[in-house]
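Asks: So that we are looking at the same thing, I have put the structure below in structure tokens.
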Amino acid sequence: MKKVMLSVFIVAFMALSLWAGYPVCKEATLVEQTSSTEVMVQASGMYKSPESKVSKAQKDVEKNGVTLALEDGRKSAVYFVLFGGTDPILAKADEKQKFEASIEDFLSNANVVKYISWESPKMDKSLSVDNGTARKITKHYKVNVGLLKSDLEAKGIVASRSELTEALGNPVIMVLPATSKGQNPVEILRNDPAAKHAASVIESYLTSRQYEVSVPEQMDQINALNEAQMDLGGQEEDYAYQLALSIGSDVYITYSGSVQSSGYGDKYAVEVRAFETTTGRLLGTETGYSRERKGDTMVSIEEALNEPIANVLNRINNYWKDDLSKGIQYKIVVAIDTGFDEDQIEEMQFAFMDAVDEMAKKSKENIVTNQTIDYVVWADASKYDKSSKVYRAIKSAFKDIGVDGNLKQVNINRKLILLKVVYE
């Protein structure tokens with residue numbers, strides 16, 4: 001009777017482990033980003049016999065060890081994509097908490113296989129552990145990250161692209177080659193076929209995921225237009241401040257590459273970096289490598305870009321989610337007419353600051369000079385979903401304070417609000 005009860009307990013224990021979903025081993029490393037939706041992972045799985053007697057445990061492992069360790073290896077591969085590495089899908093505490101209620105849907109033996117698009121027919125390692133009472137295996141798996149993210153969004157575990165779009169709009173991203181001081185990235189794109197191809201690869205990756213992409217050539221024209229508008233407004237140029245990075249995009253991505261030659265061919269390395277446009281804050285940087293090959297430069301560039309683009313885009317998504325909690329971000333630049341005296345300028349600076357504090361959830365002061373005020377503000381999305389509404393609120397508060405100057409609109413872009421203060 002006792003043996004029967006023990007067998008029932010063992011079966012119940014194993015069933016509970018399968019239901020719980022989390023892998024036993026949890027050891028995995030990223031090998032490469034094989035495509036825009038798949039990653040290659042080397043993962044380990046383990047089966048530990050629940051039998052108390054060593055002899056019975058050894059027999060159990062001899063019979064079931066490899067099969068059950070392989071099942072655990074698949075879980076470890078998917079678990080790594082969810083929680084491991086530098087850019088896990090589930091990075092936030094609330095996402096992890098929501099996942100707890102749906103572990104079975106993703107990590108049970110029956111469900112985890114749908115996210116394994118390929119696994120190596122051979123094991124890299126198969127080891128007997130703990131005096132034969134456990135078995136550990138290691139092999140390569142391809143995990144379908146795209147499908148995994150889609151299912152997480154469908155269950156409300158992570159915010160879907162549509163939810164973020166509804167709250168903040170599609171993030172606008174600009175792609176530029178990294179440049180040295182004095183170089184014009186637009187000229188590089190026009191004259192360097194490799195740089196142009198790399199930009200096209202990144203832009204294609206972004207547009208296929210429904211991000212809005214601003215083209216640098218167009219931004220170059222907008223920069224010139226804004227400078228002309230400032231000149232027409234009677235403003236002197238403030239050489240201490242540059243507007244170019246804040247026009248038209250929420251994030252900008254830069255890339256640079258190098259090549260190493262050997263007897264086997266050329267190996268390309270590409271570094272991709274993402275910046276928050278309004279503040280210049282670095283969001284992420286990653287480097288990818290191509291295989292060594294002779295010729296096919298464009299293919300090598302595409303191959304080298306696969307992994308860094310995917311990882312950097314994860315950083316951008318995390319940034320976008322963080323911004324959602326703070327509010328919609330706007331950059332406000334105010335040019336002050338040179339005809340005011342120092343006391344008047346100070347009064348108008350204080351008035352602008354008070355006006356911002358009245359409408360913004362949060363603000364950051366970047367620079368304040370006699371000619372320029374530069375702020376980043378985070379506004380309540382339910383009240384200020386358009387830059388024109390931010391301008392109206394600040395203009396109204398500025399007027400109510402009562403100073404000698406009058407706040408006027410120069411140009412309002414999606415995230416950039418250019419204003420000027422003139423005499424009444």
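Residues are named by chain letter and number: chains run A, B, ... in the order of the structure tokens, numbers start at 1 in each chain, and ligands are numbered from 1 in the order shown.
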What's around stretch 192-205 of chain A at 7 Å? Count only C-alpha atoms, leave out sequence neighbours fewer than 4 positions away in its own chain, and write the answer as a list of chain:residue names.
Replies: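 Counting only the stated atoms, we get A:Val175, A:Leu176, A:Pro177, A:Ile188, A:Arg209, A:Val213, A:Met298, A:Ile301, A:Glu302.
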Asks: Suppose we keep N, CA and C atoms; can you now write the selection as an mmCIF file, in the first residue's frame?
Replies:
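Now in selection_28.cif:
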```
data_model
loop_
_atom_site.group_PDB
_atom_site.id
_atom_site.type_symbol
_atom_site.label_atom_id
_atom_site.label_comp_id
_atom_site.auth_asym_id
_atom_site.auth_seq_id
_atom_site.Cartn_x
_atom_site.Cartn_y
_atom_site.Cartn_z
ATOM 1 N N VAL A 175 16.984 57.350 -39.083
ATOM 2 C CA VAL A 175 18.167 56.506 -39.213
ATOM 3 C C VAL A 175 19.275 57.286 -39.905
ATOM 4 N N LEU A 176 20.428 57.354 -39.245
ATOM 5 C CA LEU A 176 21.543 58.152 -39.756
ATOM 6 C C LEU A 176 22.858 57.402 -39.614
ATOM 7 N N PRO A 177 23.766 57.550 -40.572
ATOM 8 C CA PRO A 177 25.110 57.008 -40.355
ATOM 9 C C PRO A 177 25.837 57.826 -39.297
ATOM 10 N N ILE A 188 26.784 61.604 -46.828
ATOM 11 C CA ILE A 188 27.272 60.224 -46.782
ATOM 12 C C ILE A 188 26.236 59.277 -47.368
ATOM 13 N N ARG A 209 7.485 46.787 -38.931
ATOM 14 C CA ARG A 209 6.904 46.709 -37.590
ATOM 15 C C ARG A 209 6.069 47.940 -37.259
ATOM 16 N N VAL A 213 9.072 56.188 -39.986
ATOM 17 C CA VAL A 213 10.481 56.477 -40.216
ATOM 18 C C VAL A 213 10.597 57.804 -40.948
ATOM 19 N N MET A 298 26.876 43.572 -49.583
ATOM 20 C CA MET A 298 25.558 43.985 -49.106
ATOM 21 C C MET A 298 24.904 42.883 -48.254
ATOM 22 N N ILE A 301 26.489 43.018 -44.836
ATOM 23 C CA ILE A 301 25.969 44.147 -44.059
ATOM 24 C C ILE A 301 24.612 43.794 -43.461
ATOM 25 N N GLU A 302 23.741 43.192 -44.261
ATOM 26 C CA GLU A 302 22.429 42.791 -43.758
ATOM 27 C C GLU A 302 22.564 41.780 -42.622
#
```
Asks: Return as number ranges by chain the full set of residues in stretch 252-387 of chain A whose backbone-based DSSP assignment is strand (DSSP E or B).
Replies: A: 252-262, 265-276, 282-289, 293, 328-336, 362-368, 372-379
Asks: Nearest to A:Glu38: which of A:Arg281, A:Arg135, A:Arg392, A:Lys149 is it, counting only C-alpha atoms?
Replies: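 With only C-alpha atoms as the atom set, the closest residue is A:Lys149.
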Asks: Find the spatial neighbours of stretch 56-64 of chain A, counting only C-alpha atoms, within a cut-off of 12 Å - ignore same-chain residues fewer than 5 positions away - and output them as a PDB file with N, CA and C atoms, in the first residue's frame.
Replies:
```
ATOM      1  N   SER A   7       4.108   5.826  -5.353  1.00  0.00           N
ATOM      2  CA  SER A   7       4.050   5.955  -6.810  1.00  0.00           C
ATOM      3  C   SER A   7       3.064   7.037  -7.220  1.00  0.00           C
ATOM      4  N   ILE A  10       4.684  10.361  -6.573  1.00  0.00           N
ATOM      5  CA  ILE A  10       5.696  10.681  -7.593  1.00  0.00           C
ATOM      6  C   ILE A  10       5.040  11.168  -8.878  1.00  0.00           C
ATOM      7  N   MET A  46      17.450  19.724 -17.785  1.00  0.00           N
ATOM      8  CA  MET A  46      17.824  18.737 -16.764  1.00  0.00           C
ATOM      9  C   MET A  46      16.591  17.994 -16.260  1.00  0.00           C
ATOM     10  N   TYR A  47      16.790  16.724 -16.013  1.00  0.00           N
ATOM     11  CA  TYR A  47      15.772  15.923 -15.347  1.00  0.00           C
ATOM     12  C   TYR A  47      16.390  15.325 -14.092  1.00  0.00           C
ATOM     13  N   LYS A  48      15.780  15.591 -12.942  1.00  0.00           N
ATOM     14  CA  LYS A  48      16.202  15.015 -11.671  1.00  0.00           C
ATOM     15  C   LYS A  48      15.118  14.042 -11.222  1.00  0.00           C
ATOM     16  N   SER A  49      15.519  12.800 -10.997  1.00  0.00           N
ATOM     17  CA  SER A  49      14.531  11.792 -10.598  1.00  0.00           C
ATOM     18  C   SER A  49      13.977  12.102  -9.209  1.00  0.00           C
ATOM     19  N   PRO A  50      12.663  11.985  -9.049  1.00  0.00           N
ATOM     20  CA  PRO A  50      12.063  12.198  -7.722  1.00  0.00           C
ATOM     21  C   PRO A  50      12.169  10.963  -6.818  1.00  0.00           C
ATOM     22  N   GLU A  51      12.698   9.853  -7.358  1.00  0.00           N
ATOM     23  CA  GLU A  51      12.837   8.642  -6.555  1.00  0.00           C
ATOM     24  C   GLU A  51      13.817   8.878  -5.413  1.00  0.00           C
ATOM     25  N   ALA A  69      14.791  15.583 -20.039  1.00  0.00           N
ATOM     26  CA  ALA A  69      15.774  16.672 -20.056  1.00  0.00           C
ATOM     27  C   ALA A  69      15.646  17.494 -21.338  1.00  0.00           C
ATOM     28  N   LEU A  70      15.332  16.827 -22.445  1.00  0.00           N
ATOM     29  CA  LEU A  70      15.106  17.544 -23.704  1.00  0.00           C
ATOM     30  C   LEU A  70      13.893  18.468 -23.597  1.00  0.00           C
ATOM     31  N   GLU A  71      12.859  17.989 -22.921  1.00  0.00           N
ATOM     32  CA  GLU A  71      11.681  18.836 -22.716  1.00  0.00           C
ATOM     33  C   GLU A  71      12.039  20.067 -21.878  1.00  0.00           C
ATOM     34  N   LEU A 127      25.047  14.639 -20.166  1.00  0.00           N
ATOM     35  CA  LEU A 127      25.857  14.276 -19.009  1.00  0.00           C
ATOM     36  C   LEU A 127      25.019  13.624 -17.922  1.00  0.00           C
ATOM     37  N   SER A 128      25.606  12.613 -17.310  1.00  0.00           N
ATOM     38  CA  SER A 128      25.003  12.012 -16.123  1.00  0.00           C
ATOM     39  C   SER A 128      25.419  12.842 -14.915  1.00  0.00           C
ATOM     40  N   VAL A 129      24.460  13.202 -14.086  1.00  0.00           N
ATOM     41  CA  VAL A 129      24.710  14.115 -12.970  1.00  0.00           C
ATOM     42  C   VAL A 129      24.269  13.461 -11.656  1.00  0.00           C
ATOM     43  N   ASP A 130      24.936  13.865 -10.577  1.00  0.00           N
ATOM     44  CA  ASP A 130      24.568  13.410  -9.221  1.00  0.00           C
ATOM     45  C   ASP A 130      24.507  11.878  -9.124  1.00  0.00           C
ATOM     46  N   ASN A 131      25.615  11.278  -9.504  1.00  0.00           N
ATOM     47  CA  ASN A 131      25.734   9.817  -9.378  1.00  0.00           C
ATOM     48  C   ASN A 131      24.652   9.068 -10.163  1.00  0.00           C
ATOM     49  N   GLY A 132      24.300   9.647 -11.312  1.00  0.00           N
ATOM     50  CA  GLY A 132      23.333   8.979 -12.181  1.00  0.00           C
ATOM     51  C   GLY A 132      21.889   9.199 -11.827  1.00  0.00           C
ATOM     52  N   THR A 133      21.620  10.060 -10.850  1.00  0.00           N
ATOM     53  CA  THR A 133      20.226  10.316 -10.461  1.00  0.00           C
ATOM     54  C   THR A 133      19.623  11.502 -11.219  1.00  0.00           C
ATOM     55  N   ALA A 134      20.393  12.097 -12.134  1.00  0.00           N
ATOM     56  CA  ALA A 134      19.898  13.211 -12.940  1.00  0.00           C
ATOM     57  C   ALA A 134      20.615  13.190 -14.287  1.00  0.00           C
ATOM     58  N   ARG A 135      19.979  13.791 -15.288  1.00  0.00           N
ATOM     59  CA  ARG A 135      20.554  13.860 -16.635  1.00  0.00           C
ATOM     60  C   ARG A 135      20.483  15.305 -17.119  1.00  0.00           C
ATOM     61  N   LYS A 136      21.607  15.799 -17.660  1.00  0.00           N
ATOM     62  CA  LYS A 136      21.666  17.163 -18.192  1.00  0.00           C
ATOM     63  C   LYS A 136      22.079  17.113 -19.653  1.00  0.00           C
TER      64      LYS A 136
END
```
Asks: For the interface of stretch 265-330 of chain A with stretch 355-361 of chain A (cut-off 12 Å, counting only C-alpha atoms), please tabulate each contacting residue of stretch 265-330 of chain A alongside its nearest pair of atoms and their separation in Å to one decimal, rows sorted by chain and increasing number, as a Markdown table.
Replies:
```
| residue | atom | partner | partner_atom | distance |
| --- | --- | --- | --- | --- |
| A:Asp323 | CA | A:Lys361 | CA | 11.6 |
| A:Leu324 | CA | A:Lys361 | CA | 11.9 |
| A:Ser325 | CA | A:Lys361 | CA | 10.4 |
| A:Lys326 | CA | A:Lys361 | CA | 7.2 |
| A:Gly327 | CA | A:Lys361 | CA | 7.2 |
| A:Ile328 | CA | A:Lys361 | CA | 9.4 |
| A:Gln329 | CA | A:Ala360 | CA | 9.7 |
| A:Tyr330 | CA | A:Ala360 | CA | 10.0 |
```
Asks: Output C-alpha atoms of each residue in that selection to a file, as a compact mmCIF listing (two decimals), in the first residue's frame.
Replies:
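So the final result, stored in part-v6.txt, reads:
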```txt
# COMPACT_ATOMS: atom_id res chain seq x y z
CA ASP A 323 7.43 57.36 -21.52
CA LEU A 324 3.83 56.20 -21.54
CA SER A 325 3.84 56.21 -17.73
CA LYS A 326 5.33 59.73 -17.60
CA GLY A 327 3.21 61.25 -20.36
CA ILE A 328 3.85 62.44 -23.89
CA GLN A 329 7.23 64.07 -24.29
CA TYR A 330 7.68 67.42 -26.06
```
Asks: Could you tell me how far atom CA of A:Val334 lies from atom CA of A:Lys389, in Å and to one decimal?
Replies: 16.4 Å
Asks: Please give the complete set of residues from stretch 176-211 of chain A that DSSP, run on the backbone, assigns to alpha helix (DSSP H), formatted as a ChimeraX atom specification.
Replies: /A:185-191,193-207
Asks: Mind writing the picked residues with N, CA and C atoms as a short mmCIF file (atom, residue, chain, number, x, y, z; two decimals), in the first residue's frame?
Replies:
```
data_model
loop_
_atom_site.label_atom_id
_atom_site.label_comp_id
_atom_site.auth_asym_id
_atom_site.auth_seq_id
_atom_site.Cartn_x
_atom_site.Cartn_y
_atom_site.Cartn_z
N PRO A 185 25.80 63.76 -42.53
CA PRO A 185 25.28 62.40 -42.74
C PRO A 185 24.45 62.27 -44.01
N VAL A 186 23.79 63.35 -44.40
CA VAL A 186 22.99 63.31 -45.63
C VAL A 186 23.88 63.10 -46.84
N GLU A 187 25.04 63.77 -46.85
CA GLU A 187 25.97 63.61 -47.96
C GLU A 187 26.53 62.18 -48.00
N ILE A 188 26.78 61.60 -46.83
CA ILE A 188 27.27 60.22 -46.78
C ILE A 188 26.24 59.28 -47.37
N LEU A 189 24.97 59.48 -47.03
CA LEU A 189 23.90 58.64 -47.56
C LEU A 189 23.79 58.77 -49.08
N ARG A 190 24.05 59.95 -49.58
CA ARG A 190 23.94 60.18 -51.02
C ARG A 190 25.11 59.58 -51.80
N ASN A 191 26.28 59.53 -51.17
CA ASN A 191 27.50 59.18 -51.91
C ASN A 191 28.08 57.82 -51.57
N PRO A 193 27.30 53.93 -51.19
CA PRO A 193 26.29 52.88 -51.41
C PRO A 193 26.13 51.95 -50.21
N ALA A 194 27.23 51.62 -49.53
CA ALA A 194 27.14 50.71 -48.38
C ALA A 194 26.36 51.36 -47.24
N ALA A 195 26.63 52.65 -46.98
CA ALA A 195 25.90 53.38 -45.92
C ALA A 195 24.43 53.49 -46.27
N LYS A 196 24.14 53.74 -47.54
CA LYS A 196 22.75 53.85 -47.98
C LYS A 196 22.03 52.51 -47.84
N HIS A 197 22.72 51.42 -48.16
CA HIS A 197 22.11 50.10 -48.05
C HIS A 197 21.84 49.75 -46.59
N ALA A 198 22.77 50.06 -45.71
CA ALA A 198 22.58 49.79 -44.29
C ALA A 198 21.38 50.55 -43.74
N ALA A 199 21.24 51.82 -44.16
CA ALA A 199 20.08 52.61 -43.72
C ALA A 199 18.79 51.99 -44.23
N SER A 200 18.81 51.50 -45.47
CA SER A 200 17.61 50.90 -46.05
C SER A 200 17.21 49.63 -45.31
N VAL A 201 18.21 48.84 -44.90
CA VAL A 201 17.94 47.61 -44.15
C VAL A 201 17.26 47.93 -42.82
N ILE A 202 17.80 48.92 -42.11
CA ILE A 202 17.23 49.30 -40.82
C ILE A 202 15.84 49.89 -41.00
N GLU A 203 15.69 50.76 -42.00
CA GLU A 203 14.38 51.39 -42.24
C GLU A 203 13.34 50.35 -42.62
N SER A 204 13.74 49.35 -43.41
CA SER A 204 12.81 48.28 -43.79
C SER A 204 12.38 47.48 -42.57
N TYR A 205 13.32 47.20 -41.68
CA TYR A 205 13.03 46.48 -40.44
C TYR A 205 12.02 47.25 -39.60
N LEU A 206 12.19 48.56 -39.53
CA LEU A 206 11.31 49.40 -38.71
C LEU A 206 9.91 49.53 -39.33
N THR A 207 9.85 49.80 -40.62
CA THR A 207 8.55 50.00 -41.27
C THR A 207 7.73 48.71 -41.28
#
```
Asks: Please provide as a PDB file with N, CA and C atoms, in the first residue's frame all residues within 10 Å of A:Thr297, with the sequence filter that same-chain residues fewer than 5 positions apart are discarded (counting only C-alpha atoms).
Replies:
```pdb
ATOM      1  N   ALA A 194      27.228  51.617 -49.528  1.00  0.00           N
ATOM      2  CA  ALA A 194      27.138  50.712 -48.376  1.00  0.00           C
ATOM      3  C   ALA A 194      26.358  51.363 -47.239  1.00  0.00           C
ATOM      4  N   VAL A 259      35.402  46.607 -41.398  1.00  0.00           N
ATOM      5  CA  VAL A 259      35.600  45.322 -42.049  1.00  0.00           C
ATOM      6  C   VAL A 259      36.972  44.766 -41.684  1.00  0.00           C
ATOM      7  N   ASP A 266      36.022  38.636 -46.117  1.00  0.00           N
ATOM      8  CA  ASP A 266      35.816  39.822 -45.282  1.00  0.00           C
ATOM      9  C   ASP A 266      34.721  39.565 -44.253  1.00  0.00           C
ATOM     10  N   LYS A 267      34.971  40.043 -43.033  1.00  0.00           N
ATOM     11  CA  LYS A 267      33.993  39.943 -41.959  1.00  0.00           C
ATOM     12  C   LYS A 267      33.605  41.348 -41.540  1.00  0.00           C
ATOM     13  N   TYR A 268      32.306  41.634 -41.565  1.00  0.00           N
ATOM     14  CA  TYR A 268      31.821  42.983 -41.260  1.00  0.00           C
ATOM     15  C   TYR A 268      31.314  43.058 -39.821  1.00  0.00           C
ATOM     16  N   SER A 290      29.050  39.761 -39.269  1.00  0.00           N
ATOM     17  CA  SER A 290      28.685  38.863 -40.357  1.00  0.00           C
ATOM     18  C   SER A 290      29.646  37.676 -40.376  1.00  0.00           C
ATOM     19  N   GLU A 302      23.741  43.192 -44.261  1.00  0.00           N
ATOM     20  CA  GLU A 302      22.429  42.791 -43.758  1.00  0.00           C
ATOM     21  C   GLU A 302      22.564  41.780 -42.622  1.00  0.00           C
ATOM     22  N   GLU A 303      23.463  40.814 -42.801  1.00  0.00           N
ATOM     23  CA  GLU A 303      23.660  39.783 -41.789  1.00  0.00           C
ATOM     24  C   GLU A 303      24.183  40.375 -40.488  1.00  0.00           C
TER      25      GLU A 303
END
```
Asks: Any idea what's packed within 8 Å of A:Ala43, counting only C-alpha atoms, ignoring anything in its chain fewer than 5 positions away? Could you give it as number ranges by chain?
Replies: A: 26-29, 73-74, 76-77, 138-141
Asks: Store the residues picked out above in a file with N, CA and C atoms, as a CSV table (one decimal), in the first residue's frame.
Replies:
```csv
chain,number,residue,atom,x,y,z
A,26,LYS,N,17.3,26.2,-16.6
A,26,LYS,CA,17.4,27.7,-16.8
A,26,LYS,C,18.7,28.2,-17.3
A,27,GLU,N,19.5,27.3,-17.9
A,27,GLU,CA,20.8,27.7,-18.5
A,27,GLU,C,20.7,27.9,-20.0
A,28,ALA,N,21.0,29.1,-20.5
A,28,ALA,CA,21.0,29.3,-21.9
A,28,ALA,C,21.8,30.5,-22.3
A,29,THR,N,22.3,30.6,-23.5
A,29,THR,CA,23.0,31.7,-24.0
A,29,THR,C,22.5,32.0,-25.4
A,73,GLY,N,15.0,21.4,-21.8
A,73,GLY,CA,15.8,22.2,-22.6
A,73,GLY,C,15.0,23.2,-23.4
A,74,ARG,N,13.9,22.7,-24.0
A,74,ARG,CA,13.0,23.6,-24.8
A,74,ARG,C,12.5,24.7,-23.9
A,76,SER,N,13.9,25.9,-21.2
A,76,SER,CA,15.0,26.8,-20.9
A,76,SER,C,15.3,27.8,-22.1
A,77,ALA,N,15.2,27.3,-23.3
A,77,ALA,CA,15.4,28.2,-24.5
A,77,ALA,C,14.3,29.3,-24.5
A,138,THR,N,22.5,19.5,-23.5
A,138,THR,CA,22.7,20.9,-24.0
A,138,THR,C,22.5,20.7,-25.6
A,139,LYS,N,21.8,21.6,-26.2
A,139,LYS,CA,21.7,21.6,-27.6
A,139,LYS,C,21.2,23.0,-28.1
A,140,HIS,N,21.1,23.2,-29.4
A,140,HIS,CA,20.7,24.4,-30.0
A,140,HIS,C,19.3,24.4,-30.4
A,141,TYR,N,18.6,25.6,-30.2
A,141,TYR,CA,17.2,25.8,-30.5
A,141,TYR,C,17.0,27.1,-31.2
```
Asks: With only C-alpha atoms as the basis for distance, which of A:Asp250, A:Glu119, A:Asp322, A:Glu286 is at the shortest distance from A:Glu307?
Replies: A:Glu286
Asks: So the first atom is atom CA of A:Gly85 and the second is atom CA of A:Thr254; what is the distance between them in Å, to one decimal place?
Replies: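 Computing it gives 22.8 Å between the two atoms.
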Asks: Applying 10 Å and only C-alpha atoms, which residues near stretch 367-384 of chain A remain after dropping the ones on its own chain fewer than 6 positions away? List them as number ranges by chain.
Replies: A: 167-168, 235-238, 240-241, 278-279, 323-338, 340-342, 345-346, 349, 352-353, 356-357, 359-361, 390-393, 415-421
